[in-house]
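These notes are about the structure you will find just below.
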Amino acid sequence: MRLVVFDIDGTLVDSQANIVACMREAFLWNGLPPPEPAAIRRIVGLAMPEAVRTLLGREDAALIERIIDHYREAFRARVSRPGFRETLFPGAREVLKTLDEAGHLLGIATGKSLAGVRRFLRDFGLERHFVTIQTADRHPSKPHPAMVLAAMAEAGVAPEHTLVVGDTVYDVKMARAARALPVGVSWGNHPPTELARAGAAHILTDFAQLPELMAA
């Protein structure tokens, strides 16, 4: 038995366009020039305060909180639109089902809030797959290893039997800090070359490669 801990945004679900649009709106609402899309993609995966602080380029607690509030307001408005639907990356649903049926334990470690994770799981009908859910509103931001350490503790699985699958260098560094195996994906917010430099042991170009990797 192994534990596989998945990131969400950029790994399981293609949420990039929505994150970029909402963050730009939040900066505009506060009278600030909106960050470039490339800059926003760089901070996906961080806890929201750390992400906004990085984009803002300075410490201003009150302003950061206002931007976060406006980001969440923009996101709530977007998801409430009729017909709104984010898209799972090809093969994501199938690989979760395959690993679950093979007896592996599945977890989540994400920069989303717990409420955001619950919405994601509900929208895609994935609630039954995950035995442990770790979020940024209960732990330090990635790349701190707290989320992976908590997932391993809850699942009762040792680091040498744990994989962390993510799309950013924050996921890779988090996995390495927790002594788990870091597995990158090629379709997310950070390019494969950066994931490799950060220490990814493997980089998936197709979700179907994950069960094969675990069987090797």
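Labels used: A, B, ... for chains in the order of the structure tokens, numbers from 1 for residues in each chain, and numbers from 1 for ligands as shown.
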
Got a sec: who's within 12 Å of Thr205 of chain A, counting only C-alpha atoms, leaving out chain neighbours fewer than 4 positions off, as a PyMOL selection string? chain A and resi 11+89-91+167+183-188+191-192+209-210

Please produce a file of those selected residues containing C-alpha atoms, as an mmCIF file, in the first residue's frame.
data_model
loop_
_atom_site.group_PDB
_atom_site.id
_atom_site.type_symbol
_atom_site.label_atom_id
_atom_site.label_comp_id
_atom_site.auth_asym_id
_atom_site.auth_seq_id
_atom_site.Cartn_x
_atom_site.Cartn_y
_atom_site.Cartn_z
ATOM 1 C CA THR A 11 -2.468 19.111 -11.245
ATOM 2 C CA PHE A 89 -7.133 17.330 -16.760
ATOM 3 C CA PRO A 90 -7.340 14.333 -19.129
ATOM 4 C CA GLY A 91 -6.980 11.066 -17.249
ATOM 5 C CA ASP A 167 2.706 20.962 -10.858
ATOM 6 C CA VAL A 183 6.422 13.546 -8.854
ATOM 7 C CA GLY A 184 5.834 16.489 -11.176
ATOM 8 C CA VAL A 185 3.345 16.927 -14.001
ATOM 9 C CA SER A 186 4.144 18.594 -17.310
ATOM 10 C CA TRP A 187 0.787 20.341 -17.840
ATOM 11 C CA GLY A 188 0.638 22.737 -14.878
ATOM 12 C CA PRO A 191 7.530 24.170 -16.579
ATOM 13 C CA PRO A 192 9.033 20.667 -16.344
ATOM 14 C CA GLN A 209 1.992 6.938 -16.357
ATOM 15 C CA LEU A 210 1.307 7.216 -12.627
#

According to DSSP computed on the backbone, where in segment 43-114 of chain A is there alpha helix (DSSP H)? Give the residues as a ChimeraX atom specification. /A:43,48-56,61-79,92-101,114

Determine, counting only C-alpha atoms, which protein, DNA and RNA residues have an atom within 10 Å of an atom of His70 of chain A; residues of the same chain fewer than 5 positions away are not included. Present the result as a compact mmCIF listing (two decimals) with C-alpha atoms, in the first residue's frame.
# COMPACT_ATOMS: atom_id res chain seq x y z
CA CYS A 22 -9.90 36.71 -10.26
CA MET A 23 -6.50 37.84 -9.03
CA GLU A 25 -9.81 41.74 -10.68
CA ALA A 26 -8.83 41.82 -7.01
CA PHE A 27 -5.84 44.07 -7.68
CA LEU A 28 -7.90 46.39 -9.90
CA TRP A 29 -10.61 46.72 -7.24
CA ASN A 30 -7.93 47.97 -4.86
CA ILE A 64 -3.19 41.99 1.51
CA GLU A 65 -6.34 41.08 3.42
CA PHE A 75 -14.21 33.73 -7.40
CA ARG A 76 -17.59 33.25 -5.70

Which residues come within 12 Å of Ala21 of chain A, counting only C-alpha atoms, excluding same-chain residues fewer than 3 positions away, as JSON, numbers by chain? {"A": [15, 16, 17, 18, 24, 25, 26, 27, 28, 34, 35, 36, 37, 38, 40, 41, 70, 71, 72, 74, 75, 77, 78]}

Would you save the residues of that selection, restricted to C-alpha atoms, as a PDB file, in the first residue's frame?
ATOM      1  CA  SER A  15      -8.202  26.325 -13.033  1.00  0.00           C
ATOM      2  CA  GLN A  16      -5.490  28.612 -14.363  1.00  0.00           C
ATOM      3  CA  ALA A  17      -7.726  30.999 -16.324  1.00  0.00           C
ATOM      4  CA  ASN A  18     -10.092  31.519 -13.388  1.00  0.00           C
ATOM      5  CA  ARG A  24      -6.311  40.588 -11.643  1.00  0.00           C
ATOM      6  CA  GLU A  25      -9.811  41.737 -10.682  1.00  0.00           C
ATOM      7  CA  ALA A  26      -8.834  41.820  -7.007  1.00  0.00           C
ATOM      8  CA  PHE A  27      -5.840  44.071  -7.679  1.00  0.00           C
ATOM      9  CA  LEU A  28      -7.901  46.388  -9.896  1.00  0.00           C
ATOM     10  CA  PRO A  34      -3.068  43.943 -12.185  1.00  0.00           C
ATOM     11  CA  PRO A  35      -0.197  41.442 -12.136  1.00  0.00           C
ATOM     12  CA  GLU A  36       0.788  39.810 -15.393  1.00  0.00           C
ATOM     13  CA  PRO A  37      -0.729  36.343 -15.956  1.00  0.00           C
ATOM     14  CA  ALA A  38       2.738  34.769 -15.905  1.00  0.00           C
ATOM     15  CA  ILE A  40       0.110  34.904 -11.151  1.00  0.00           C
ATOM     16  CA  ARG A  41       0.867  31.426 -12.477  1.00  0.00           C
ATOM     17  CA  HIS A  70     -11.847  40.717  -3.223  1.00  0.00           C
ATOM     18  CA  TYR A  71     -10.255  37.658  -4.847  1.00  0.00           C
ATOM     19  CA  ARG A  72     -12.642  35.389  -2.977  1.00  0.00           C
ATOM     20  CA  ALA A  74     -14.588  37.503  -7.538  1.00  0.00           C
ATOM     21  CA  PHE A  75     -14.210  33.726  -7.401  1.00  0.00           C
ATOM     22  CA  ALA A  77     -19.217  35.403  -8.369  1.00  0.00           C
ATOM     23  CA  ARG A  78     -17.536  33.414 -11.114  1.00  0.00           C
TER      24      ARG A  78
END

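For the residues A:Phe6, A:Leu105, A:Pro82, A:Leu121, ranking by smallest atom-to-atom distance to Gly156 of chain A using only C-alpha atoms places A:Leu105 first.
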
DSSP on the backbone, strand (DSSP E) only: what residues of segment 52-112 of chain A does that give? Format it as a PyMOL selection string. chain A and resi 87-88+105-110

Prev. selection, N, CA and C atoms, output as a short mmCIF file (atom, residue, chain, number, x, y, z; two decimals), in the first residue's frame:
data_model
loop_
_atom_site.label_atom_id
_atom_site.label_comp_id
_atom_site.auth_asym_id
_atom_site.auth_seq_id
_atom_site.Cartn_x
_atom_site.Cartn_y
_atom_site.Cartn_z
N THR A 87 -12.48 22.20 -15.43
CA THR A 87 -12.27 20.94 -16.15
C THR A 87 -11.14 20.15 -15.52
N LEU A 88 -11.38 18.87 -15.26
CA LEU A 88 -10.31 17.99 -14.84
C LEU A 88 -9.36 17.76 -16.01
N LEU A 105 -3.90 4.52 -0.92
CA LEU A 105 -4.56 5.60 -0.21
C LEU A 105 -4.28 6.91 -0.93
N LEU A 106 -5.29 7.76 -1.03
CA LEU A 106 -5.15 9.01 -1.75
C LEU A 106 -5.39 10.19 -0.81
N GLY A 107 -4.62 11.24 -1.01
CA GLY A 107 -4.75 12.43 -0.19
C GLY A 107 -4.65 13.69 -1.03
N ILE A 108 -4.90 14.81 -0.39
CA ILE A 108 -4.83 16.13 -1.02
C ILE A 108 -3.96 17.03 -0.16
N ALA A 109 -3.10 17.81 -0.81
CA ALA A 109 -2.34 18.88 -0.16
C ALA A 109 -2.40 20.08 -1.09
N THR A 110 -3.10 21.13 -0.69
CA THR A 110 -3.40 22.21 -1.62
C THR A 110 -3.34 23.57 -0.96
#

Rank A:Ser113, A:Arg179, A:Arg42, A:Asp123 by their smallest atom-to-atom distance to Glu86 of chain A, using only C-alpha atoms, and report the top residue only. A:Asp123

So that I can see what lies close to segment 135-142 of chain A, please list as a list in words the residues with an atom at most 8 Å from it, counting only C-alpha atoms and leaving out residues fewer than 2 positions away in the same chain. Gly45, Leu46, Ala47, Met48, Glu50, Ile108, Ala109, Thr110, Gly111, Lys112, Ser113, Leu114, Val117, Ile133, His144, Pro145, Ala146, Met147, Tyr170, Asp171 and Met174 of chain A

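Across A:Val169, A:Val131, A:Ile67, A:Leu213, the tightest approach to Glu154 of chain A is made by A:Val131 when counting only C-alpha atoms.
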
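Atom CA of Ala51 of chain A sits 28.0 Å away from atom CA of Arg93 of chain A.
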
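The gap separating atom CA of His129 of chain A from atom CA of Asp9 of chain A is 17.2 Å, in Å to one decimal.
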
One number please: atom CA of Ala175 of chain A to atom CA of Ala61 of chain A, in Å, one decimal. 29.1 Å

Using only C-alpha atoms, which residues sit within 6 Å of His104 of chain A once same-chain residues fewer than 2 positions away are excluded, as a ChimeraX atom specification? /A:1-2,99-100,102

Which residues come within 9 Å of Met152 of chain A, counting only C-alpha atoms, excluding same-chain residues fewer than 4 positions away, as a PyMOL selection string? chain A and resi 3+5+107+132+147-148+156-159+162

For the selection just defined, write its residues with C-alpha atoms to a file, as an mmCIF file, in the first residue's frame.
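Final output, saved to selection-v8.cif:
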data_model
loop_
_atom_site.group_PDB
_atom_site.id
_atom_site.type_symbol
_atom_site.label_atom_id
_atom_site.label_comp_id
_atom_site.auth_asym_id
_atom_site.auth_seq_id
_atom_site.Cartn_x
_atom_site.Cartn_y
_atom_site.Cartn_z
ATOM 1 C CA LEU A 3 -0.125 6.988 -0.160
ATOM 2 C CA VAL A 5 -0.908 13.014 -2.168
ATOM 3 C CA GLY A 107 -4.748 12.431 -0.195
ATOM 4 C CA THR A 132 -6.793 12.714 4.043
ATOM 5 C CA MET A 147 0.654 19.217 4.871
ATOM 6 C CA VAL A 148 2.460 16.091 3.697
ATOM 7 C CA GLY A 156 -0.436 5.789 8.754
ATOM 8 C CA VAL A 157 2.024 5.605 5.859
ATOM 9 C CA ALA A 158 5.786 6.164 6.040
ATOM 10 C CA PRO A 159 7.612 8.710 3.845
ATOM 11 C CA THR A 162 4.439 8.245 -0.066
#

With only C-alpha atoms as the basis for distance, which of A:Ala201, A:Ala196, A:Leu96, A:Leu63 is at the shortest distance from Arg128 of chain A? A:Leu96

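Residue nearest Gly103 of chain A within the list A:Ile19, A:Met214, A:Ala177, A:Leu56: A:Met214 [criterion: smallest interatomic distance, only C-alpha atoms].
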
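With only C-alpha atoms as the atoms that count, the residue of A:Ile203, A:Thr193, A:Gly31, A:Gly83 with the shortest distance to Leu181 of chain A is A:Ile203.
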